[in-house]
file data.txt (compact mmCIF, C-alpha atoms)
# COMPACT_ATOMS: atom_id res chain seq x y z
CA MET O 195 -182.92 -14.08 -76.41
CA THR O 196 -181.12 -17.34 -75.65
CA ALA O 197 -182.52 -19.05 -78.72
CA ALA O 198 -181.45 -16.15 -80.93
CA ALA O 199 -177.92 -16.29 -79.54
CA VAL O 200 -177.72 -20.05 -80.16
CA ALA O 201 -178.94 -19.58 -83.73
CA LEU O 202 -176.34 -16.87 -84.35
CA VAL O 203 -173.52 -19.08 -83.07
CA ALA O 204 -174.71 -21.95 -85.23
CA MET O 205 -174.77 -19.78 -88.34
CA VAL O 206 -171.20 -18.63 -87.68
CA LEU O 207 -169.96 -22.18 -87.18
CA LEU O 208 -171.70 -23.43 -90.30
CA LEU O 209 -170.28 -20.77 -92.59
CA PRO O 210 -168.21 -22.47 -95.29
CA ALA O 211 -164.47 -21.93 -95.14
CA ALA O 212 -164.58 -20.65 -98.70
CA ALA O 213 -166.52 -17.62 -97.56
CA ALA O 214 -163.38 -16.19 -95.99
CA ALA O 215 -161.57 -13.79 -98.27
CA PRO O 216 -158.54 -15.53 -99.80
CA VAL O 217 -155.18 -14.07 -98.95
CA PRO O 218 -153.43 -12.81 -102.10
CA ARG O 219 -150.52 -15.09 -102.90
CA GLU O 220 -147.84 -14.23 -105.41
CA SER O 221 -146.13 -16.95 -107.43
CA ILE O 222 -144.04 -17.62 -110.53
CA PRO O 223 -146.03 -19.91 -112.86
CA THR O 224 -143.16 -20.34 -115.34
CA TYR O 225 -139.47 -19.52 -115.25
CA ASP O 226 -137.46 -20.18 -118.42
CA VAL O 227 -133.71 -19.61 -118.59
CA VAL O 228 -131.38 -19.93 -121.59
CA LEU O 229 -127.64 -20.12 -120.93
CA THR O 230 -125.67 -19.63 -124.14
CA LEU O 231 -122.03 -20.55 -123.65
CA GLY O 232 -119.84 -18.45 -125.94
CA ARG O 233 -116.43 -19.38 -127.27
CA ASP O 234 -115.14 -16.18 -125.69
CA GLY O 235 -115.90 -17.61 -122.26
CA ILE O 236 -118.90 -15.33 -121.69
CA VAL O 237 -122.27 -16.83 -120.76
CA ARG O 238 -125.21 -14.95 -122.28
CA VAL O 239 -128.21 -15.33 -120.01
CA ARG O 240 -131.84 -14.80 -120.98
CA GLU O 241 -134.48 -15.23 -118.26
CA THR O 242 -138.19 -15.20 -119.09
CA ILE O 243 -140.19 -14.89 -115.88
CA THR O 244 -143.97 -15.08 -115.72
CA TYR O 245 -144.90 -13.50 -112.41
CA ASP O 246 -148.39 -13.67 -110.92
CA PHE O 247 -149.05 -10.71 -108.63
CA ASP O 248 -152.50 -12.13 -107.83
CA ARG O 249 -154.75 -9.21 -106.84
CA GLY O 250 -152.06 -7.35 -104.91
CA GLY O 251 -150.35 -4.48 -106.68
CA GLU O 252 -146.57 -4.27 -106.95
CA HIS O 253 -144.12 -2.04 -108.79
CA GLY O 254 -142.31 -4.93 -110.49
CA ILE O 255 -139.89 -7.72 -109.67
CA VAL O 256 -136.44 -7.92 -108.13
CA ARG O 257 -133.83 -10.42 -109.34
CA ARG O 258 -130.61 -10.91 -107.40
CA VAL O 259 -127.68 -12.33 -109.36
CA PRO O 260 -124.64 -13.39 -107.32
CA VAL O 261 -121.42 -11.56 -108.07
CA ARG O 262 -119.51 -13.11 -105.20
CA ARG O 263 -119.58 -16.55 -103.54
CA ALA O 264 -117.13 -16.85 -100.68
CA ASN O 265 -114.10 -15.16 -102.25
CA ARG O 266 -114.97 -16.15 -105.87
CA LEU O 267 -116.01 -13.19 -108.03
CA TYR O 268 -118.29 -13.09 -111.09
CA ASP O 269 -118.71 -10.33 -113.66
CA VAL O 270 -122.34 -9.46 -114.46
CA ARG O 271 -122.82 -6.75 -117.07
CA ASP O 272 -124.93 -5.56 -120.04
CA VAL O 273 -128.18 -5.89 -118.09
CA SER O 274 -131.41 -5.21 -119.99
CA ALA O 275 -135.08 -6.01 -119.45
CA GLY O 276 -138.42 -6.03 -121.26
CA SER O 277 -142.00 -7.23 -120.93
CA SER O 278 -144.22 -8.97 -123.47
CA THR O 279 -147.35 -8.07 -121.47
CA GLY O 280 -146.73 -4.33 -121.50
CA ALA O 281 -145.69 -4.03 -117.86
CA PRO O 282 -143.15 -1.30 -117.03
CA ALA O 283 -139.77 -2.95 -117.49
CA ARG O 284 -137.07 -0.42 -116.81
CA ALA O 285 -134.03 -2.20 -115.35
CA ARG O 286 -132.09 -0.61 -112.49
CA THR O 287 -129.07 -2.26 -110.92
CA MET O 288 -127.49 -1.87 -107.51
CA ARG O 289 -124.51 -3.70 -106.05
CA LEU O 290 -125.23 -5.28 -102.67
CA LEU O 291 -122.91 -7.32 -100.46
CA ASN O 292 -122.63 -10.41 -102.67
CA ASP O 293 -125.33 -9.81 -105.28
CA LEU O 294 -126.20 -7.51 -108.13
CA GLN O 295 -129.80 -6.49 -107.51
CA ILE O 296 -131.77 -6.02 -110.75
CA THR O 297 -135.04 -4.14 -110.19
CA VAL O 298 -137.44 -4.34 -113.13
CA GLY O 299 -140.48 -2.06 -113.14
CA ASP O 300 -141.55 1.48 -112.35
CA ARG O 301 -141.56 2.85 -108.82
CA HIS O 302 -144.43 5.17 -109.77
CA ARG O 303 -146.70 2.56 -111.36
CA GLU O 304 -148.20 -0.61 -109.94
CA VAL O 305 -148.98 -3.78 -111.88
CA ARG O 306 -151.46 -6.53 -111.08
CA GLY O 307 -152.28 -9.98 -112.31
CA ARG O 308 -149.98 -12.12 -114.43
CA GLN O 309 -147.07 -10.33 -116.12
CA ALA O 310 -144.16 -11.58 -118.22
CA TYR O 311 -140.64 -10.16 -117.90
CA VAL O 312 -137.44 -10.84 -119.82
CA ILE O 313 -134.06 -10.14 -118.20
CA GLU O 314 -130.83 -10.45 -120.16
CA TYR O 315 -127.24 -10.07 -119.02
CA ALA O 316 -123.73 -11.30 -119.72
CA LEU O 317 -121.87 -13.42 -117.17
CA GLY O 318 -118.07 -13.49 -117.08
CA TRP O 319 -115.42 -15.23 -114.97
CA ALA O 320 -117.82 -18.16 -114.55
CA PHE O 321 -115.75 -21.00 -116.03
CA THR O 322 -113.21 -22.84 -113.93
CA PRO O 323 -110.30 -24.20 -116.02
CA TYR O 324 -108.85 -27.59 -115.15
CA ARG O 325 -106.00 -29.55 -116.70
CA ASP O 326 -108.16 -31.56 -119.11
CA HIS O 327 -111.49 -29.65 -119.20
CA ASP O 328 -113.27 -26.39 -118.37
CA GLU O 329 -116.27 -26.39 -116.06
CA LEU O 330 -119.26 -24.15 -115.42
CA VAL O 331 -121.27 -24.42 -112.20
CA TRP O 332 -124.12 -21.91 -111.98
CA ASP O 333 -127.44 -21.57 -110.20
CA ALA O 334 -129.57 -20.39 -113.10
CA ILE O 335 -132.53 -19.30 -110.95
CA GLY O 336 -130.97 -18.40 -107.64
CA THR O 337 -132.27 -18.95 -104.15
CA SER O 338 -133.40 -15.40 -103.39
CA TRP O 339 -137.00 -15.74 -104.63
CA ASP O 340 -139.53 -15.48 -101.80
CA VAL O 341 -142.34 -17.07 -103.84
CA PRO O 342 -142.88 -20.60 -105.19
CA ILE O 343 -142.01 -21.46 -108.79
CA GLU O 344 -144.47 -23.84 -110.43
CA ASP O 345 -142.48 -24.86 -113.53
CA ALA O 346 -138.87 -24.01 -114.37
CA VAL O 347 -136.79 -24.86 -117.42
CA VAL O 348 -133.07 -24.20 -117.88
CA ARG O 349 -131.68 -24.62 -121.38
CA VAL O 350 -127.93 -24.88 -121.96
CA GLU O 351 -126.54 -24.18 -125.43
CA ALA O 352 -122.87 -24.85 -126.13
CA PRO O 353 -120.56 -24.26 -129.12
CA VAL O 354 -119.46 -27.91 -129.00
CA PRO O 355 -121.38 -31.16 -128.43
CA LEU O 356 -122.60 -31.40 -124.82
CA ARG O 357 -121.47 -34.69 -123.32
CA HIS O 358 -121.30 -33.81 -119.64
CA ALA O 359 -124.16 -31.68 -118.33
CA THR O 360 -126.11 -32.23 -115.12
CA CYS O 361 -128.58 -30.31 -112.97
CA ARG O 362 -129.58 -30.35 -109.31
CA ALA O 363 -132.70 -28.66 -107.91
CA GLY O 364 -133.68 -27.49 -104.46
CA ALA O 365 -132.09 -25.49 -101.68
CA GLU O 366 -128.38 -24.80 -101.66
CA GLY O 367 -126.49 -28.09 -101.58
CA ALA O 368 -129.52 -30.15 -102.67
CA THR O 369 -129.05 -33.35 -104.70
CA THR O 370 -132.45 -33.69 -106.41
CA ARG O 371 -131.89 -34.46 -110.08
CA CYS O 372 -133.65 -32.31 -112.65
CA LEU O 373 -135.34 -33.92 -115.63
CA GLY O 374 -133.01 -33.50 -118.60
CA VAL O 375 -133.89 -33.78 -122.29
CA ARG O 376 -131.30 -33.37 -125.05
CA ASP O 377 -132.16 -31.15 -127.99
CA GLY O 378 -129.65 -32.30 -130.56
CA ARG O 379 -125.93 -32.47 -129.82
CA TYR O 380 -125.42 -28.88 -128.72
CA ALA O 381 -128.27 -28.22 -126.30
CA VAL O 382 -130.01 -29.76 -123.31
CA ASP O 383 -133.16 -28.72 -121.44
CA PHE O 384 -133.48 -29.28 -117.70
CA SER O 385 -136.90 -28.96 -116.07
CA GLN O 386 -138.21 -28.99 -112.52
CA SER O 387 -141.66 -28.47 -111.03
CA ALA O 388 -142.91 -27.22 -107.67
CA LEU O 389 -139.87 -25.31 -106.48
CA ALA O 390 -140.45 -23.89 -103.02
CA PRO O 391 -139.30 -20.38 -102.09
CA HIS O 392 -135.50 -20.10 -101.94
CA GLU O 393 -134.97 -23.20 -104.10
CA GLY O 394 -133.00 -23.01 -107.33
CA MET O 395 -131.55 -25.08 -110.17
CA THR O 396 -127.78 -25.49 -110.39
CA VAL O 397 -126.30 -26.74 -113.66
CA ARG O 398 -122.84 -28.22 -114.04
CA VAL O 399 -121.32 -28.33 -117.53
CA ARG O 400 -117.96 -29.81 -118.49
CA LEU O 401 -116.49 -28.81 -121.84
CA PRO O 402 -113.39 -30.11 -123.59
CA LYS O 403 -110.26 -28.09 -123.05
CA HIS O 404 -110.06 -24.98 -125.28
CA ALA O 405 -113.71 -25.27 -126.37
CA VAL O 406 -114.17 -21.86 -124.74
CA ALA O 407 -111.70 -19.20 -123.64
CA ALA O 408 -111.88 -19.94 -119.93
CA VAL O 409 -109.91 -17.30 -118.03
CA PRO O 410 -108.59 -18.08 -114.54
CA PRO O 411 -111.15 -17.40 -111.80
CA HIS O 412 -111.13 -14.00 -110.13
CA TYR O 413 -110.93 -13.91 -106.36
CA ALA O 414 -111.47 -11.07 -103.93
CA ARG O 415 -108.54 -10.11 -101.79
CA PRO O 416 -108.98 -10.87 -98.11
CA HIS O 417 -110.00 -7.93 -95.97
CA TRP O 418 -106.61 -8.11 -94.27
CA ALA O 419 -104.06 -8.18 -97.07
CA GLY O 420 -101.13 -6.56 -95.29
CA THR O 421 -97.72 -8.23 -95.12
CA TRP O 422 -94.98 -7.90 -92.52
CA ALA O 423 -93.91 -4.63 -94.15
CA GLY O 424 -97.26 -2.97 -93.50
CA SER O 425 -97.40 -4.34 -89.97
CA ALA O 426 -93.88 -3.04 -89.32
CA ALA O 427 -94.97 0.41 -90.52
CA LEU O 428 -97.80 0.41 -87.99
CA ALA O 429 -95.38 -0.63 -85.26
CA LEU O 430 -93.06 2.24 -86.16
CA ALA O 431 -96.04 4.60 -86.02
CA LEU O 432 -96.76 3.50 -82.46
CA ALA O 433 -93.11 4.13 -81.63
CA ALA O 434 -93.47 7.61 -83.10
CA VAL O 435 -96.42 8.23 -80.78
CA VAL O 436 -94.21 7.36 -77.79
CA LEU O 437 -91.46 9.72 -79.00
CA ALA O 438 -94.00 12.48 -79.57
CA ALA O 439 -95.31 12.05 -76.04
CA ARG O 440 -91.77 12.68 -74.75
CA GLY O 441 -91.52 15.94 -76.67
CA ARG O 442 -89.21 14.67 -79.42
CA ALA O 443 -91.69 15.24 -82.23
CA PRO O 444 -90.91 17.25 -85.37
CA ARG O 445 -92.53 20.58 -86.11
CA ARG O 446 -96.30 20.85 -86.36
CA ARG O 447 -96.15 21.58 -90.08
CA ALA O 448 -94.14 18.40 -90.67
CA GLY O 449 -96.72 16.40 -88.70
CA ALA O 450 -99.56 17.76 -90.83
CA ALA O 451 -97.63 16.87 -93.98
CA LEU O 452 -97.15 13.29 -92.75
CA ALA O 453 -100.87 12.96 -91.98
CA ALA O 454 -101.83 14.33 -95.42
CA ALA O 455 -99.47 11.93 -97.20
CA GLY O 456 -100.93 9.03 -95.22
CA ALA O 457 -104.48 10.03 -96.11
CA LEU O 458 -103.55 10.07 -99.81
CA LEU O 459 -102.12 6.55 -99.55
CA ILE O 460 -105.31 5.28 -97.90
CA VAL O 461 -107.54 6.93 -100.50
CA SER O 462 -105.53 5.49 -103.40
CA ASP O 463 -105.65 1.97 -101.98
CA VAL O 464 -109.37 2.15 -101.26
CA ALA O 465 -110.10 3.57 -104.72
CA ASP O 466 -108.31 0.67 -106.43
CA ASP O 467 -110.45 -1.90 -104.64
CA VAL O 468 -113.75 -0.04 -104.90
CA LEU O 469 -113.46 0.87 -108.58
CA ASP O 470 -112.38 -2.63 -109.52
CA ARG O 471 -114.73 -4.80 -107.43
CA GLY O 472 -117.26 -2.57 -105.66
CA PRO O 473 -117.52 -0.89 -102.25
CA TRP O 474 -117.62 -4.13 -100.27
CA ALA O 475 -114.32 -5.46 -101.63
CA PHE O 476 -112.10 -3.03 -99.72
CA SER O 477 -109.22 -4.71 -97.91
CA LEU O 478 -106.44 -3.51 -95.64
CA GLY O 479 -103.36 -3.75 -97.85
CA ASP O 480 -99.83 -2.49 -97.29
CA ARG O 481 -100.62 0.92 -98.76
CA THR O 482 -103.49 1.38 -96.33
CA LEU O 483 -101.37 0.23 -93.40
CA ALA O 484 -98.55 2.57 -94.40
CA GLY O 485 -101.06 5.39 -94.77
CA LEU O 486 -102.48 4.70 -91.32
CA ALA O 487 -98.95 4.73 -89.94
CA LEU O 488 -98.25 8.14 -91.47
CA VAL O 489 -101.58 9.54 -90.25
CA ILE O 490 -100.91 8.28 -86.71
CA ALA O 491 -97.35 9.60 -86.68
CA GLY O 492 -98.35 12.97 -88.17
CA ALA O 493 -101.28 13.44 -85.81
CA ALA O 494 -99.13 12.52 -82.82
CA ALA O 495 -96.47 15.00 -83.89
CA ALA O 496 -98.95 17.84 -84.38
CA CYS O 497 -100.75 17.15 -81.11
CA SER O 498 -97.50 16.85 -79.21
CA ARG O 499 -96.23 20.21 -80.51
CA THR O 500 -99.56 21.81 -79.67
CA SER O 501 -99.69 20.35 -76.18
CA GLY O 502 -96.04 21.31 -75.59
CA THR O 503 -96.75 24.93 -76.53
CA ALA O 504 -99.77 24.96 -74.25
CA ARG O 505 -97.72 23.63 -71.34
CA TYR O 506 -95.03 26.27 -71.94
CA ALA O 507 -97.65 29.04 -71.92
CA ALA O 508 -99.21 27.67 -68.74
CA ASP O 509 -95.83 27.52 -66.98
CA ALA O 510 -95.02 31.08 -68.06
CA ALA O 511 -98.36 32.33 -66.74
CA ARG O 512 -97.80 30.58 -63.44
CA TRP O 513 -94.35 32.13 -62.93
CA ASP O 514 -95.71 35.57 -63.79
call {"tool": "encode", "arguments": {"input": "data.txt", "output": "structure tokens"}}
result
Amino acid sequence: MTAAAVALVAMVLLLPAAAAAPVPRESIPTYDVVLTLGRDGIVRVRETITYDFDRGGEHGIVRRVPVRRANRLYDVRDVSAGSSTGAPARARTMRLLNDLQITVGDRHREVRGRQAYVIEYALGWAFTPYRDHDELVWDAIGTSWDVPIEDAVVRVEAPVPLRHATCRAGAEGATTRCLGVRDGRYAVDFSQSALAPHEGMTVRVRLPKHAVAAVPPHYARPHWAGTWAGSAALALALAAVVLAARGRAPRRRAGAALAAAGALLIVSDVADDVLDRGPWAFSLGDRTLAGLALVIAGAAAACSRTSGTARYAADAARWD
């Protein structure tokens, strides 16, 4: 019995490591991006992504394109997708906090092995105009990928000769130079190998002034955008609450009207922000503060009238 046990332990220890089942590992063998800089100031982006799902099945890929960095806004539109390997390639978009999430695939069908996807979109508000030049700084791959990228190429095509174009690879803020090769006067190809998860490629392009129609950058309003006028309205609303508590409030119907008017102001201010920049761009402006003031004052008036009537009825019942 002892000899058999020793033999069993020896067999287990001598098993080659390769006998263990390999853990499926997804990766991106190739990632090719073409940035076409238009004279209208719009950057047309074409991303060709070869994704290896290994033996694990997935419903597709998810690409997150930033639409906000700090308070700088970008306009991403005209999103489309396809697949040269026949994989489901329906593109669905959803606005997140700072990204536009592009989901490519079919939630009802799984794909396996190596698949090729093409994502195209238009990028606006990306140029920053300066006194003597216009500049584009853009992470063409992004740092949201959870898998390694074996080989990546970013091609920049401009309407004028490219004299100032650079690229840095790695995590955010990295300084590793990409390998750059010029393709004539109007294009340059940057390449980088062995990108780890959450590492990207950021290109910086400087163009002569008026080479493209670079509009001023768009910035999100701060979440607190009220001025002294809006703050004063809130202060007056608090004063109205004090007056209502002393029984000097207007009629209940007038209080309800004030609250309704305030709610309309809030809704109009919120709608402007949400429709223009998405649900996460809402800020407290003067209209919202004034609306809050009216709602507070109206609610205080209505509650005060109601509580005053209740007190009168209670006193009458007690005297009876």
call {"tool": "closest_residue", "arguments": {"input": "data.txt", "among": "O:Ala465, O:Ala427, O:Cys361, O:Ala381", "to": "O:Ile490", "atoms": "only C-alpha atoms"}}
result
O:Ala427
call {"tool": "residues_around", "arguments": {"input": "data.txt", "residues": "stretch 276-278 of chain O", "least_positions_apart": "6", "cutoff": "6 Å", "atoms": "all atoms listed in the file", "output": "MDAnalysis selection string"}}
result
chainID O and resid 310:312
call {"tool": "closest_residue", "arguments": {"input": "data.txt", "among": "O:Asp480, O:Glu241, O:Asp326, O:Asp383", "to": "O:Pro402", "atoms": "all atoms listed in the file"}}
result
O:Asp326
call {"tool": "closest_residue", "arguments": {"input": "data.txt", "among": "O:Arg362, O:Ala451, O:Ser462, O:Tyr225", "to": "O:Leu488", "atoms": "only C-alpha atoms"}}
result
O:Ala451
call {"tool": "closest_residue", "arguments": {"input": "data.txt", "among": "O:Arg308, O:Lys403, O:Arg398, O:Arg266", "to": "O:Thr244", "atoms": "all atoms listed in the file"}}
result
O:Arg308
call {"tool": "residues_near_point", "arguments": {"input": "data.txt", "point": "(-96.0, 12.2, -90.9)", "cutoff": "9 Å", "atoms": "all atoms listed in the file", "output": "number ranges by chain"}}
result
O: 448-456, 487-495
call {"tool": "atom_distance", "arguments": {"input": "data.txt", "atom1": "atom CA of O:Val259", "atom2": "atom CA of O:His392"}}
result
13.3 Å
call {"tool": "atom_distance", "arguments": {"input": "data.txt", "atom1": "atom CA of O:Tyr268", "atom2": "atom CA of O:Val348"}}
result
19.7 Å
call {"tool": "residues_around", "arguments": {"input": "data.txt", "residues": "O:Ala368", "least_positions_apart": "3", "cutoff": "12 Å", "atoms": "all atoms listed in the file", "output": "compact mmCIF listing (two decimals) with C-alpha atoms, in the coordinates of the input"}}
result
# COMPACT_ATOMS: atom_id res chain seq x y z
CA ASP O 333 -127.44 -21.57 -110.20
CA THR O 337 -132.27 -18.95 -104.15
CA CYS O 361 -128.58 -30.31 -112.97
CA ARG O 362 -129.58 -30.35 -109.31
CA ALA O 363 -132.70 -28.66 -107.91
CA GLY O 364 -133.68 -27.49 -104.46
CA ALA O 365 -132.09 -25.49 -101.68
CA ARG O 371 -131.89 -34.46 -110.08
CA CYS O 372 -133.65 -32.31 -112.65
CA HIS O 392 -135.50 -20.10 -101.94
CA GLU O 393 -134.97 -23.20 -104.10
CA GLY O 394 -133.00 -23.01 -107.33
CA MET O 395 -131.55 -25.08 -110.17
CA THR O 396 -127.78 -25.49 -110.39
CA VAL O 397 -126.30 -26.74 -113.66
